[in-house]
>>> print(open('run.tsv').read())   # TSV, C-alpha atoms
chain	number	residue	atom	x	y	z
G	1	MET	CA	98.19	107.21	121.01
G	2	ASN	CA	95.04	105.45	122.10
G	3	LEU	CA	96.07	101.79	122.55
G	4	THR	CA	94.06	99.17	124.46
G	5	MET	CA	95.23	95.69	125.48
G	6	LEU	CA	92.69	93.19	124.13
G	7	SER	CA	92.46	89.48	123.33
G	8	LEU	CA	93.02	88.32	119.75
G	9	VAL	CA	91.28	84.97	119.28
G	10	THR	CA	92.34	82.96	116.22
G	11	ILE	CA	90.32	79.95	115.04
G	12	VAL	CA	91.29	77.57	112.22
G	13	ALA	CA	88.64	75.13	111.03
G	14	GLU	CA	87.02	73.49	108.03
G	15	SER	CA	85.34	75.99	105.68
G	16	LEU	CA	82.09	74.09	106.14
G	17	LEU	CA	81.94	75.43	109.71
G	18	ARG	CA	82.15	79.04	108.58
G	19	ASP	CA	78.56	80.21	109.15
G	20	ARG	CA	78.26	78.28	112.37
G	21	LEU	CA	81.53	79.70	113.71
G	22	VAL	CA	80.52	83.24	112.75
G	23	SER	CA	77.27	82.76	114.69
G	24	SER	CA	79.20	81.49	117.71
G	25	ILE	CA	81.63	84.43	117.53
G	26	LEU	CA	78.87	87.03	117.40
G	27	ALA	CA	76.83	85.19	120.06
G	28	ALA	CA	79.85	85.34	122.40
G	29	GLY	CA	79.79	89.12	122.09
G	30	ALA	CA	82.39	89.91	119.39
G	31	LYS	CA	81.80	93.07	117.35
G	32	GLY	CA	83.54	91.86	114.19
G	33	PHE	CA	85.93	89.34	112.67
G	34	THR	CA	88.38	88.81	109.80
G	35	ILE	CA	88.43	85.65	107.67
G	36	THR	CA	91.26	84.39	105.47
G	37	GLU	CA	91.31	81.19	103.45
G	38	ALA	CA	93.77	78.63	104.69
G	39	GLU	CA	94.91	75.08	104.33
G	40	GLY	CA	95.81	72.88	107.22
G	41	GLU	CA	97.27	69.57	108.13
G	42	GLY	CA	96.70	68.14	111.55
G	43	SER	CA	98.26	65.50	113.71
G	44	ARG	CA	96.77	62.70	111.62
G	45	HIS	CA	98.85	63.94	108.66
G	46	ARG	CA	95.77	64.06	106.49
G	47	ARG	CA	94.72	67.30	104.90
G	48	VAL	CA	91.19	68.22	105.84
G	49	SER	CA	91.12	70.22	102.61
G	50	GLU	CA	91.50	67.04	100.56
G	51	ILE	CA	88.33	65.62	102.04
G	52	LEU	CA	85.99	68.46	102.88
G	53	GLY	CA	87.27	71.61	101.15
G	54	ALA	CA	89.58	74.36	102.28
G	55	ASN	CA	90.00	75.63	105.80
G	56	ILE	CA	89.34	79.10	107.11
G	57	ARG	CA	91.28	81.17	109.62
G	58	ILE	CA	89.08	83.54	111.59
G	59	GLU	CA	90.42	86.29	113.84
G	60	THR	CA	88.43	88.39	116.26
G	61	ILE	CA	89.55	91.08	118.69
G	62	VAL	CA	87.56	90.95	121.91
G	63	SER	CA	87.66	91.64	125.63
G	64	GLU	CA	89.08	89.00	127.95
G	65	GLN	CA	85.54	88.17	129.07
G	66	VAL	CA	84.26	87.64	125.51
G	67	ALA	CA	87.35	85.54	124.73
G	68	GLU	CA	86.55	83.25	127.67
G	69	VAL	CA	82.94	82.82	126.53
G	70	LEU	CA	84.02	82.12	122.95
G	71	LEU	CA	86.70	79.61	123.94
G	72	SER	CA	84.21	77.82	126.20
G	73	THR	CA	81.76	77.57	123.31
G	74	LEU	CA	84.48	76.21	121.03
G	75	SER	CA	85.66	73.75	123.63
G	76	ASN	CA	82.16	72.50	124.44
G	77	GLU	CA	80.52	72.46	121.02
G	78	TYR	CA	83.30	71.95	118.45
G	79	PHE	CA	86.36	70.19	119.80
G	80	GLU	CA	84.84	66.75	120.20
G	81	ARG	CA	83.61	66.56	116.63
G	82	TYR	CA	85.77	68.84	114.49
G	83	ALA	CA	89.45	69.51	113.81
G	84	VAL	CA	89.38	73.03	115.25
G	85	ILE	CA	92.43	75.02	116.37
G	86	ALA	CA	91.83	77.94	118.73
G	87	TYR	CA	94.30	80.19	120.52
G	88	VAL	CA	94.48	83.58	122.18
G	89	SER	CA	97.18	86.24	122.26
G	90	GLN	CA	97.33	89.68	123.84
G	91	VAL	CA	97.51	92.61	121.42
G	92	GLN	CA	97.62	96.40	121.73
G	93	VAL	CA	94.76	97.72	119.58
G	94	VAL	CA	94.35	101.23	118.12
G	95	ARG	CA	91.04	102.74	119.27
G	96	GLY	CA	90.17	99.57	121.13
G	97	THR	CA	86.89	100.85	122.53
G	98	LYS	CA	85.04	99.91	119.36
G	99	TYR	CA	85.78	96.22	119.96
G	100	VAL	CA	84.29	95.91	123.45
J	1	MET	CA	88.91	76.02	130.44
J	2	ASN	CA	91.90	73.98	129.36
J	3	LEU	CA	94.43	76.53	128.06
J	4	THR	CA	98.14	75.85	127.52
J	5	MET	CA	100.86	78.41	126.79
J	6	LEU	CA	102.63	77.35	123.60
J	7	SER	CA	104.85	78.85	120.90
J	8	LEU	CA	103.25	80.02	117.64
J	9	VAL	CA	105.92	80.00	114.93
J	10	THR	CA	105.10	81.98	111.77
J	11	ILE	CA	107.17	81.59	108.62
J	12	VAL	CA	106.79	83.65	105.42
J	13	ALA	CA	108.66	82.44	102.34
J	14	GLU	CA	108.49	81.86	98.62
J	15	SER	CA	105.83	79.34	97.62
J	16	LEU	CA	108.52	77.26	95.94
J	17	LEU	CA	109.85	76.40	99.40
J	18	ARG	CA	106.52	74.98	100.53
J	19	ASP	CA	107.24	71.25	100.50
J	20	ARG	CA	110.72	71.72	101.88
J	21	LEU	CA	109.44	73.93	104.71
J	22	VAL	CA	106.67	71.46	105.55
J	23	SER	CA	109.29	68.71	105.82
J	24	SER	CA	111.43	70.89	108.09
J	25	ILE	CA	108.43	71.73	110.28
J	26	LEU	CA	107.43	68.09	110.72
J	27	ALA	CA	111.05	67.00	111.19
J	28	ALA	CA	111.40	69.53	114.02
J	29	GLY	CA	108.53	67.78	115.81
J	30	ALA	CA	105.45	69.86	114.93
J	31	LYS	CA	102.13	67.97	114.86
J	32	GLY	CA	100.45	70.20	112.27
J	33	PHE	CA	100.48	73.55	110.47
J	34	THR	CA	98.27	76.07	108.68
J	35	ILE	CA	99.17	77.63	105.34
J	36	THR	CA	97.76	80.83	103.81
J	37	GLU	CA	98.77	82.39	100.51
J	38	ALA	CA	100.55	85.71	100.88
J	39	GLU	CA	102.45	88.34	99.01
J	40	GLY	CA	105.52	90.02	100.37
J	41	GLU	CA	107.93	92.79	99.73
J	42	GLY	CA	111.27	92.83	101.47
J	43	SER	CA	113.94	95.35	102.20
J	44	ARG	CA	115.10	95.39	98.60
J	45	HIS	CA	111.68	96.74	97.55
J	46	ARG	CA	111.33	93.99	95.03
J	47	ARG	CA	108.38	91.65	95.18
J	48	VAL	CA	109.50	88.06	95.36
J	49	SER	CA	106.12	87.18	93.84
J	50	GLU	CA	107.02	89.04	90.64
J	51	ILE	CA	109.98	86.77	90.10
J	52	LEU	CA	109.20	83.38	91.54
J	53	GLY	CA	105.48	83.25	92.28
J	54	ALA	CA	103.45	84.01	95.37
J	55	ASN	CA	104.59	83.65	98.94
J	56	ILE	CA	103.17	81.43	101.65
J	57	ARG	CA	102.62	82.12	105.31
J	58	ILE	CA	102.90	79.00	107.47
J	59	GLU	CA	101.90	78.86	111.13
J	60	THR	CA	102.57	76.04	113.53
J	61	ILE	CA	101.80	75.72	117.24
J	62	VAL	CA	104.55	73.88	119.06
J	63	SER	CA	106.34	73.50	122.39
J	64	GLU	CA	109.18	75.88	123.19
J	65	GLN	CA	111.63	73.05	122.53
J	66	VAL	CA	110.23	72.30	119.07
J	67	ALA	CA	110.21	76.03	118.29
J	68	GLU	CA	113.93	76.22	119.09
J	69	VAL	CA	114.72	73.25	116.86
J	70	LEU	CA	112.64	74.67	114.01
J	71	LEU	CA	114.15	78.16	114.25
J	72	SER	CA	117.65	76.66	114.29
J	73	THR	CA	116.85	74.70	111.14
J	74	LEU	CA	115.49	77.82	109.45
J	75	SER	CA	118.46	79.89	110.53
J	76	ASN	CA	121.02	77.31	109.42
J	77	GLU	CA	119.46	75.99	106.21
J	78	TYR	CA	117.30	78.81	104.78
J	79	PHE	CA	118.37	82.28	105.83
J	80	GLU	CA	121.57	82.47	103.83
J	81	ARG	CA	119.89	81.61	100.55
J	82	TYR	CA	116.22	82.59	100.77
J	83	ALA	CA	114.10	85.59	101.75
J	84	VAL	CA	112.53	83.86	104.74
J	85	ILE	CA	110.79	85.64	107.64
J	86	ALA	CA	110.38	83.68	110.88
J	87	TYR	CA	109.10	84.79	114.25
J	88	VAL	CA	107.66	83.35	117.45
J	89	SER	CA	104.93	84.56	119.78
J	90	GLN	CA	103.41	83.07	122.91
J	91	VAL	CA	99.78	82.00	122.66
J	92	GLN	CA	97.23	80.37	124.98
J	93	VAL	CA	95.91	77.32	123.14
J	94	VAL	CA	92.64	75.44	123.76
J	95	ARG	CA	93.39	71.74	124.45
J	96	GLY	CA	97.08	72.35	123.92
J	97	THR	CA	98.15	68.79	124.70
J	98	LYS	CA	97.45	67.68	121.14
J	99	TYR	CA	100.19	70.01	119.83
J	100	VAL	CA	103.07	68.68	121.93
U	1	MET	CA	119.99	81.46	118.10
U	2	ASN	CA	119.79	85.12	117.09
U	3	LEU	CA	116.32	86.26	118.22
U	4	THR	CA	115.25	89.90	118.57
U	5	MET	CA	112.08	91.19	120.24
U	6	LEU	CA	110.28	93.39	117.71
U	7	SER	CA	106.79	94.79	117.10
U	8	LEU	CA	104.47	92.98	114.69
U	9	VAL	CA	101.91	95.48	113.38
U	10	THR	CA	98.82	93.98	111.72
U	11	ILE	CA	96.44	96.14	109.66
U	12	VAL	CA	93.12	95.00	108.16
U	13	ALA	CA	91.45	97.35	105.69
U	14	GLU	CA	89.59	97.62	102.40
U	15	SER	CA	91.65	96.42	99.44
U	16	LEU	CA	91.20	99.84	97.84
U	17	LEU	CA	93.52	101.27	100.50
U	18	ARG	CA	96.33	98.88	99.59
U	19	ASP	CA	98.72	101.21	97.76
U	20	ARG	CA	98.11	104.04	100.18
U	21	LEU	CA	98.71	101.78	103.18
U	22	VAL	CA	101.90	100.39	101.66
U	23	SER	CA	103.15	103.96	101.19
U	24	SER	CA	102.30	104.79	104.80
U	25	ILE	CA	104.06	101.63	106.04
U	26	LEU	CA	107.26	102.37	104.11
U	27	ALA	CA	107.12	106.08	105.01
U	28	ALA	CA	106.97	105.11	108.70
U	29	GLY	CA	110.27	103.29	108.27
U	30	ALA	CA	109.28	99.65	107.75
U	31	LYS	CA	111.65	97.54	105.65
U	32	GLY	CA	109.02	95.14	104.30
U	33	PHE	CA	105.52	93.74	104.70
U	34	THR	CA	103.35	90.69	103.99
U	35	ILE	CA	99.86	90.93	102.49
U	36	THR	CA	97.11	88.31	102.58
U	37	GLU	CA	93.61	88.62	101.16
U	38	ALA	CA	90.89	88.70	103.78
U	39	GLU	CA	87.24	89.31	104.33
U	40	GLY	CA	85.88	91.22	107.25
U	41	GLU	CA	82.73	92.18	108.99
U	42	GLY	CA	82.71	95.07	111.41
U	43	SER	CA	80.48	96.30	114.15
U	44	ARG	CA	77.87	97.54	111.69
U	45	HIS	CA	77.34	93.93	110.56
U	46	ARG	CA	77.85	94.97	106.98
U	47	ARG	CA	80.55	93.35	104.94
U	48	VAL	CA	82.87	95.95	103.47
U	49	SER	CA	83.67	93.36	100.81
U	50	GLU	CA	80.10	93.44	99.57
U	51	ILE	CA	80.38	97.12	98.81
U	52	LEU	CA	83.94	97.91	97.89
U	53	GLY	CA	85.74	94.63	97.23
U	54	ALA	CA	87.73	92.32	99.46
U	55	ASN	CA	89.82	93.32	102.43
U	56	ILE	CA	93.53	92.93	102.91
U	57	ARG	CA	95.53	91.97	105.97
U	58	ILE	CA	98.98	93.54	106.06
U	59	GLU	CA	101.69	92.57	108.53
U	60	THR	CA	104.97	94.34	109.10
U	61	ILE	CA	107.75	93.63	111.59
U	62	VAL	CA	109.29	96.84	112.86
U	63	SER	CA	111.04	98.48	115.82
U	64	GLU	CA	108.91	99.90	118.63
U	65	GLN	CA	109.68	103.41	117.34
U	66	VAL	CA	108.53	102.64	113.79
U	67	ALA	CA	105.42	100.96	115.18
U	68	GLU	CA	104.54	104.15	117.07
U	69	VAL	CA	104.99	106.29	113.95
U	70	LEU	CA	102.90	103.92	111.85
U	71	LEU	CA	100.08	103.66	114.40
U	72	SER	CA	100.01	107.46	114.70
U	73	THR	CA	99.70	107.78	110.93
U	74	LEU	CA	96.89	105.22	110.87
U	75	SER	CA	95.11	106.90	113.76
U	76	ASN	CA	95.41	110.38	112.27
U	77	GLU	CA	94.84	109.71	108.58
U	78	TYR	CA	92.67	106.60	108.31
U	79	PHE	CA	90.50	105.93	111.35
U	80	GLU	CA	88.06	108.79	110.85
U	81	ARG	CA	87.20	107.80	107.31
U	82	TYR	CA	87.86	104.10	106.89
U	83	ALA	CA	87.04	100.80	108.62
U	84	VAL	CA	90.66	100.05	109.54
U	85	ILE	CA	91.77	97.58	112.24
U	86	ALA	CA	95.31	97.96	113.58
U	87	TYR	CA	97.04	96.16	116.42
U	88	VAL	CA	100.53	95.40	117.69
U	89	SER	CA	102.02	92.33	119.32
U	90	GLN	CA	105.53	91.52	120.51
U	91	VAL	CA	107.33	88.78	118.60
U	92	GLN	CA	110.77	87.14	118.74
U	93	VAL	CA	112.23	87.42	115.25
U	94	VAL	CA	115.02	85.34	113.70
U	95	ARG	CA	117.84	87.65	112.48
U	96	GLY	CA	115.86	90.69	113.55
U	97	THR	CA	118.52	93.21	112.56
U	98	LYS	CA	117.32	93.23	108.95
U	99	TYR	CA	113.95	94.69	110.03
U	100	VAL	CA	115.26	97.76	111.85
>>> encode(input="run.tsv", output="structure tokens")
Amino acid sequence: MNLTMLSLVTIVAESLLRDRLVSSILAAGAKGFTITEAEGEGSRHRRVSEILGANIRIETIVSEQVAEVLLSTLSNEYFERYAVIAYVSQVQVVRGTKYV
Amino acid sequence: MNLTMLSLVTIVAESLLRDRLVSSILAAGAKGFTITEAEGEGSRHRRVSEILGANIRIETIVSEQVAEVLLSTLSNEYFERYAVIAYVSQVQVVRGTKYV
Amino acid sequence: MNLTMLSLVTIVAESLLRDRLVSSILAAGAKGFTITEAEGEGSRHRRVSEILGANIRIETIVSEQVAEVLLSTLSNEYFERYAVIAYVSQVQVVRGTKYV
């Protein structure tokens, strides 16, 4: 079996940020992404979806280097202004070479 | 980069349990959560969604202590009566201090 | 708390593959699965969903042995012909014995 350890970056944000986040993900070097619709409630106990529409949950499988670039972008350009959640986990990917 | 290792708790359950699960999650000490609609089939090869409506998948990022409280609640108050899936993984979270 | 370390296998693929993937998952020995609707863009920067309908994201919690069988099936029967993503992570599952 051809398995490669890679970084799975998950981002949850307002749907309005979708196109901008996709641009940031591709600019960081990701080769693809998966989006699911979501609904979130943050620490202010106020649903973002009640005010600005639904949330999205974006996942992208990338190298550790691309993950660092992407998380820096998110931290520098999104976290001050938007209710963005971002986290990384390590996953074993089938045929991982197509993601790096 | 400000990354913090935290516990990602994922719960899959009947949609009917939504409000009750959200209360349990907040009562355990979580600061927020993300919900996506899902569909599940369990070991009895019977879709819960055919009988009682769709499923939900709830994720919450919490400290290890909050994860333990939440999993105990789920184990004690849900698992005997409902088809609930619950699991924990370790994730590196950007600006993790807002989740604890 | 009764927690068991198990393998969480996540598969993202065209919705058209749904029934076939479910058969492969159960044939590999999985006891259940969770499906969410998704949308993906791969390395060719062409949305599969624009051509063949939406994507699905399927998750199944299984033993390491079942994970290996399932990933082999995916690698051998799907990866040449379809835009399938598959990865594994380790998760701590509440009452894990019902998944193996």
>>> interface_residues(input="run.tsv", of="chain G", to="chain J", cutoff="10 Å", atoms="all atoms listed in the file", output="PyMOL selection string")
chain G and resi 8-10+12-13+36-47+55-57+68-69+71-72+74-76+79+84-90
>>> atom_distance(input="run.tsv", atom1="atom CA of Leu17 of chain U", atom2="atom CA of Glu77 of chain U")
11.8 Å
>>> atom_distance(input="run.tsv", atom1="atom CA of Glu14 of chain U", atom2="atom CA of Ala83 of chain U")
7.4 Å
